[in-house]
Amino acid sequence: HSPRRLDAEEFRDATLAVAGKLDLKRPAASPAKELKMVEMRDNGPEAKVINDQADNGVYRSVYLPLVRGVTPHNLEAFDPVEQTLVTGDRDATTVPTQSLYLLNSAFVRRHALNVATQLLAEKETTTADKIHKAYRLTLGRTATTKEIERTTKFLAEYEVAYADYLKTVKPVPPKKANPKAKLPTPKDPAQPVNPDDIDQTGVVADEANVQPKDAQSAAWLGFVQALLGSAEYRYVK
């Protein structure tokens, strides 16, 4: 049969599993339980809290809060179902934003760094052993001899280039996510009845800044991220 691309939920869960972060237990409740029965903006403070909790959650995607008009950031690039529509079949698009997500997403970079940190913590293993393990974790197979050679060269060149980069650029301190974010309490308990009366001012979403601690970690992060972005990882044969 022809290769099938992972659904948005499958990609998210697989990436969490590769990083050793996937929590298989069912959460106590959805963050959406704290929402009031009022009109909610998709760019307002309530939506931001829902998105923040979804972005930082490590449980399976089936337990993510799905609220009309608010799609979790880690799903939206890969054709999730629109909560506002009745959908019999999902679309399956191939668009540039998907590649950009794999390159720039804090979710992908954060968990690529988690894998890189785990690999580098194994002091007794060789570089080739670490590369083999990275391939087994992400692609379910060992690396070929040519892949070992190419990756070893990539890691060495990346580490040198990143070390030179750090000499010229002042690192930006990483933003820490707030996993205990709560829904905002309105100043006026009386919620507006007319949706047109609701404040339409948008709230800017915070994007976590994922920074490796040194050039070696940066090189391994780049390598693992390349595996997570590869077609072999995203498609099931």
# chains A, B, ... in the order shown; residues from 1 in each chain; ligands from 1
$ select_by_dssp --residues "segment 1-225 of chain A" --states "helix (DSSP H, G or I)" --output "PyMOL selection string"
chain A and resi 8-18+31-34+45-56+61-63+76-78+96-104+106-120+127-139+145-168+195-197+215-225
$ write_last_selection --atoms "C-alpha atoms" --output "mmCIF file, in the first residue's frame"
data_model
loop_
_atom_site.group_PDB
_atom_site.id
_atom_site.type_symbol
_atom_site.label_atom_id
_atom_site.label_comp_id
_atom_site.auth_asym_id
_atom_site.auth_seq_id
_atom_site.Cartn_x
_atom_site.Cartn_y
_atom_site.Cartn_z
ATOM 1 C CA ALA A 8 -1.611 15.585 13.555
ATOM 2 C CA GLU A 9 -2.372 13.693 16.788
ATOM 3 C CA GLU A 10 -0.129 10.771 15.795
ATOM 4 C CA PHE A 11 2.783 13.083 15.036
ATOM 5 C CA ARG A 12 2.446 14.859 18.374
ATOM 6 C CA ASP A 13 2.151 11.635 20.385
ATOM 7 C CA ALA A 14 5.041 9.978 18.515
ATOM 8 C CA THR A 15 7.296 12.975 19.156
ATOM 9 C CA LEU A 16 6.470 12.952 22.871
ATOM 10 C CA ALA A 17 7.135 9.201 22.985
ATOM 11 C CA VAL A 18 10.502 9.572 21.223
ATOM 12 C CA PRO A 31 -8.767 22.866 31.044
ATOM 13 C CA ALA A 32 -11.978 23.732 29.202
ATOM 14 C CA LYS A 33 -13.985 22.803 32.310
ATOM 15 C CA GLU A 34 -13.145 26.213 33.806
ATOM 16 C CA PRO A 45 -7.065 35.523 27.273
ATOM 17 C CA GLU A 46 -9.269 32.445 27.738
ATOM 18 C CA ALA A 47 -8.099 30.984 24.421
ATOM 19 C CA LYS A 48 -4.475 31.770 25.326
ATOM 20 C CA VAL A 49 -4.730 29.789 28.561
ATOM 21 C CA ILE A 50 -6.300 26.841 26.745
ATOM 22 C CA ASN A 51 -3.524 26.954 24.127
ATOM 23 C CA ASP A 52 -0.763 27.288 26.730
ATOM 24 C CA GLN A 53 -2.006 24.282 28.652
ATOM 25 C CA ALA A 54 -2.355 22.253 25.443
ATOM 26 C CA ASP A 55 1.136 23.272 24.275
ATOM 27 C CA ASN A 56 2.737 22.213 27.551
ATOM 28 C CA SER A 61 -3.600 14.095 22.005
ATOM 29 C CA VAL A 62 -7.004 12.472 22.452
ATOM 30 C CA TYR A 63 -7.186 14.328 25.789
ATOM 31 C CA GLU A 76 -2.987 22.962 13.417
ATOM 32 C CA ALA A 77 -0.232 22.532 10.793
ATOM 33 C CA PHE A 78 -1.280 18.981 9.871
ATOM 34 C CA PRO A 96 5.054 25.037 3.096
ATOM 35 C CA THR A 97 3.735 25.875 6.567
ATOM 36 C CA GLN A 98 4.174 22.227 7.572
ATOM 37 C CA SER A 99 7.895 22.329 6.784
ATOM 38 C CA LEU A 100 8.190 25.675 8.561
ATOM 39 C CA TYR A 101 6.508 24.160 11.614
ATOM 40 C CA LEU A 102 9.033 21.312 11.711
ATOM 41 C CA LEU A 103 11.900 23.823 11.437
ATOM 42 C CA ASN A 104 10.689 26.502 13.839
ATOM 43 C CA ALA A 106 9.135 25.230 19.897
ATOM 44 C CA PHE A 107 7.408 21.869 20.441
ATOM 45 C CA VAL A 108 9.623 20.049 17.919
ATOM 46 C CA ARG A 109 12.800 21.824 19.032
ATOM 47 C CA ARG A 110 12.082 21.278 22.725
ATOM 48 C CA HIS A 111 11.669 17.540 22.355
ATOM 49 C CA ALA A 112 14.566 17.251 19.911
ATOM 50 C CA LEU A 113 16.662 18.884 22.641
ATOM 51 C CA ASN A 114 15.282 16.406 25.201
ATOM 52 C CA VAL A 115 16.452 13.506 23.029
ATOM 53 C CA ALA A 116 19.819 15.173 22.401
ATOM 54 C CA THR A 117 20.335 15.703 26.131
ATOM 55 C CA GLN A 118 19.555 12.049 26.851
ATOM 56 C CA LEU A 119 21.999 10.869 24.196
ATOM 57 C CA LEU A 120 24.811 13.122 25.411
ATOM 58 C CA THR A 127 29.229 8.842 18.741
ATOM 59 C CA ALA A 128 28.221 6.013 16.396
ATOM 60 C CA ASP A 129 26.271 4.320 19.207
ATOM 61 C CA LYS A 130 24.430 7.564 19.939
ATOM 62 C CA ILE A 131 23.568 7.999 16.264
ATOM 63 C CA HIS A 132 22.264 4.439 16.081
ATOM 64 C CA LYS A 133 20.080 5.045 19.137
ATOM 65 C CA ALA A 134 18.693 8.270 17.688
ATOM 66 C CA TYR A 135 17.714 6.405 14.528
ATOM 67 C CA ARG A 136 16.104 3.603 16.536
ATOM 68 C CA LEU A 137 14.106 6.057 18.652
ATOM 69 C CA THR A 138 12.818 8.102 15.717
ATOM 70 C CA LEU A 139 12.777 5.792 12.689
ATOM 71 C CA THR A 145 27.317 3.152 7.452
ATOM 72 C CA LYS A 146 26.873 6.095 5.085
ATOM 73 C CA GLU A 147 24.397 7.747 7.459
ATOM 74 C CA ILE A 148 26.868 7.355 10.331
ATOM 75 C CA GLU A 149 29.584 9.040 8.277
ATOM 76 C CA ARG A 150 27.340 11.886 7.118
ATOM 77 C CA THR A 151 25.970 12.494 10.611
ATOM 78 C CA THR A 152 29.394 12.462 12.247
ATOM 79 C CA LYS A 153 30.600 15.057 9.735
ATOM 80 C CA PHE A 154 27.432 17.133 10.239
ATOM 81 C CA LEU A 155 27.803 17.133 14.032
ATOM 82 C CA ALA A 156 31.439 18.212 13.885
ATOM 83 C CA GLU A 157 30.789 21.039 11.407
ATOM 84 C CA TYR A 158 27.662 22.233 13.230
ATOM 85 C CA GLU A 159 29.422 22.318 16.592
ATOM 86 C CA VAL A 160 32.248 24.472 15.215
ATOM 87 C CA ALA A 161 29.838 26.819 13.405
ATOM 88 C CA TYR A 162 27.614 27.221 16.472
ATOM 89 C CA ALA A 163 30.593 27.891 18.730
ATOM 90 C CA ASP A 164 31.666 30.687 16.366
ATOM 91 C CA TYR A 165 28.080 31.995 16.345
ATOM 92 C CA LEU A 166 27.986 32.204 20.143
ATOM 93 C CA LYS A 167 31.072 34.435 20.102
ATOM 94 C CA THR A 168 29.235 37.092 18.101
ATOM 95 C CA PRO A 195 -21.395 39.124 21.973
ATOM 96 C CA ASP A 196 -20.811 42.462 20.229
ATOM 97 C CA ASP A 197 -20.093 43.999 23.633
ATOM 98 C CA ALA A 215 27.578 24.012 20.867
ATOM 99 C CA GLN A 216 27.590 20.235 21.283
ATOM 100 C CA SER A 217 23.977 20.190 22.458
ATOM 101 C CA ALA A 218 23.031 22.495 19.572
ATOM 102 C CA ALA A 219 24.586 20.117 17.043
ATOM 103 C CA TRP A 220 22.741 17.100 18.418
ATOM 104 C CA LEU A 221 19.512 19.077 18.640
ATOM 105 C CA GLY A 222 19.847 19.915 14.938
ATOM 106 C CA PHE A 223 20.496 16.272 14.077
ATOM 107 C CA VAL A 224 17.502 14.944 16.036
ATOM 108 C CA GLN A 225 15.262 17.697 14.665
#
$ residues_around --residues "segment 85-87 of chain A" --least-positions-apart "6" --cutoff "12 Å" --atoms "only C-alpha atoms" --output "list in words"
Arg68, Gly69 and Asp79 of chain A
$ write_last_selection --atoms "N, CA and C atoms" --output "compact mmCIF listing (two decimals), in the first residue's frame"
# COMPACT_ATOMS: atom_id res chain seq x y z
N ARG A 68 -14.39 25.16 20.28
CA ARG A 68 -14.72 25.75 18.99
C ARG A 68 -13.92 27.02 18.74
N GLY A 69 -13.22 27.04 17.62
CA GLY A 69 -12.43 28.20 17.25
C GLY A 69 -11.03 28.22 17.82
N ASP A 79 -3.56 19.49 9.34
CA ASP A 79 -4.95 19.22 8.95
C ASP A 79 -5.80 18.56 10.03
$ atom_distance --atom1 "atom CA of Leu64 of chain A" --atom2 "atom CA of Asp7 of chain A"
14.6 Å
$ select_by_dssp --residues "segment 2-230 of chain A" --states "strand (DSSP E or B)" --output "PyMOL selection string"
chain A and resi 4-5+23+59+67+70
$ write_last_selection --atoms "N, CA, C and O atoms" --output "compact mmCIF listing (two decimals), in the first residue's frame"
# COMPACT_ATOMS: atom_id res chain seq x y z
N ARG A 4 1.40 6.39 4.22
CA ARG A 4 0.37 7.25 4.82
C ARG A 4 1.04 8.21 5.80
O ARG A 4 1.82 7.80 6.65
N ARG A 5 0.71 9.49 5.65
CA ARG A 5 1.29 10.46 6.57
C ARG A 5 0.62 10.36 7.94
O ARG A 5 -0.58 10.11 8.04
N ASP A 23 2.84 10.91 28.57
CA ASP A 23 2.14 10.41 29.76
C ASP A 23 0.89 9.67 29.30
O ASP A 23 -0.03 10.26 28.74
N TYR A 59 0.23 14.59 27.92
CA TYR A 59 -0.66 13.45 27.79
C TYR A 59 -1.06 13.26 26.32
O TYR A 59 -0.76 14.11 25.47
N VAL A 67 -11.84 23.24 21.77
CA VAL A 67 -12.89 24.23 21.94
C VAL A 67 -13.15 24.87 20.59
O VAL A 67 -12.21 25.11 19.81
N VAL A 70 -10.68 27.25 18.68
CA VAL A 70 -9.34 27.20 19.29
C VAL A 70 -8.73 25.83 19.02
O VAL A 70 -9.10 24.84 19.64
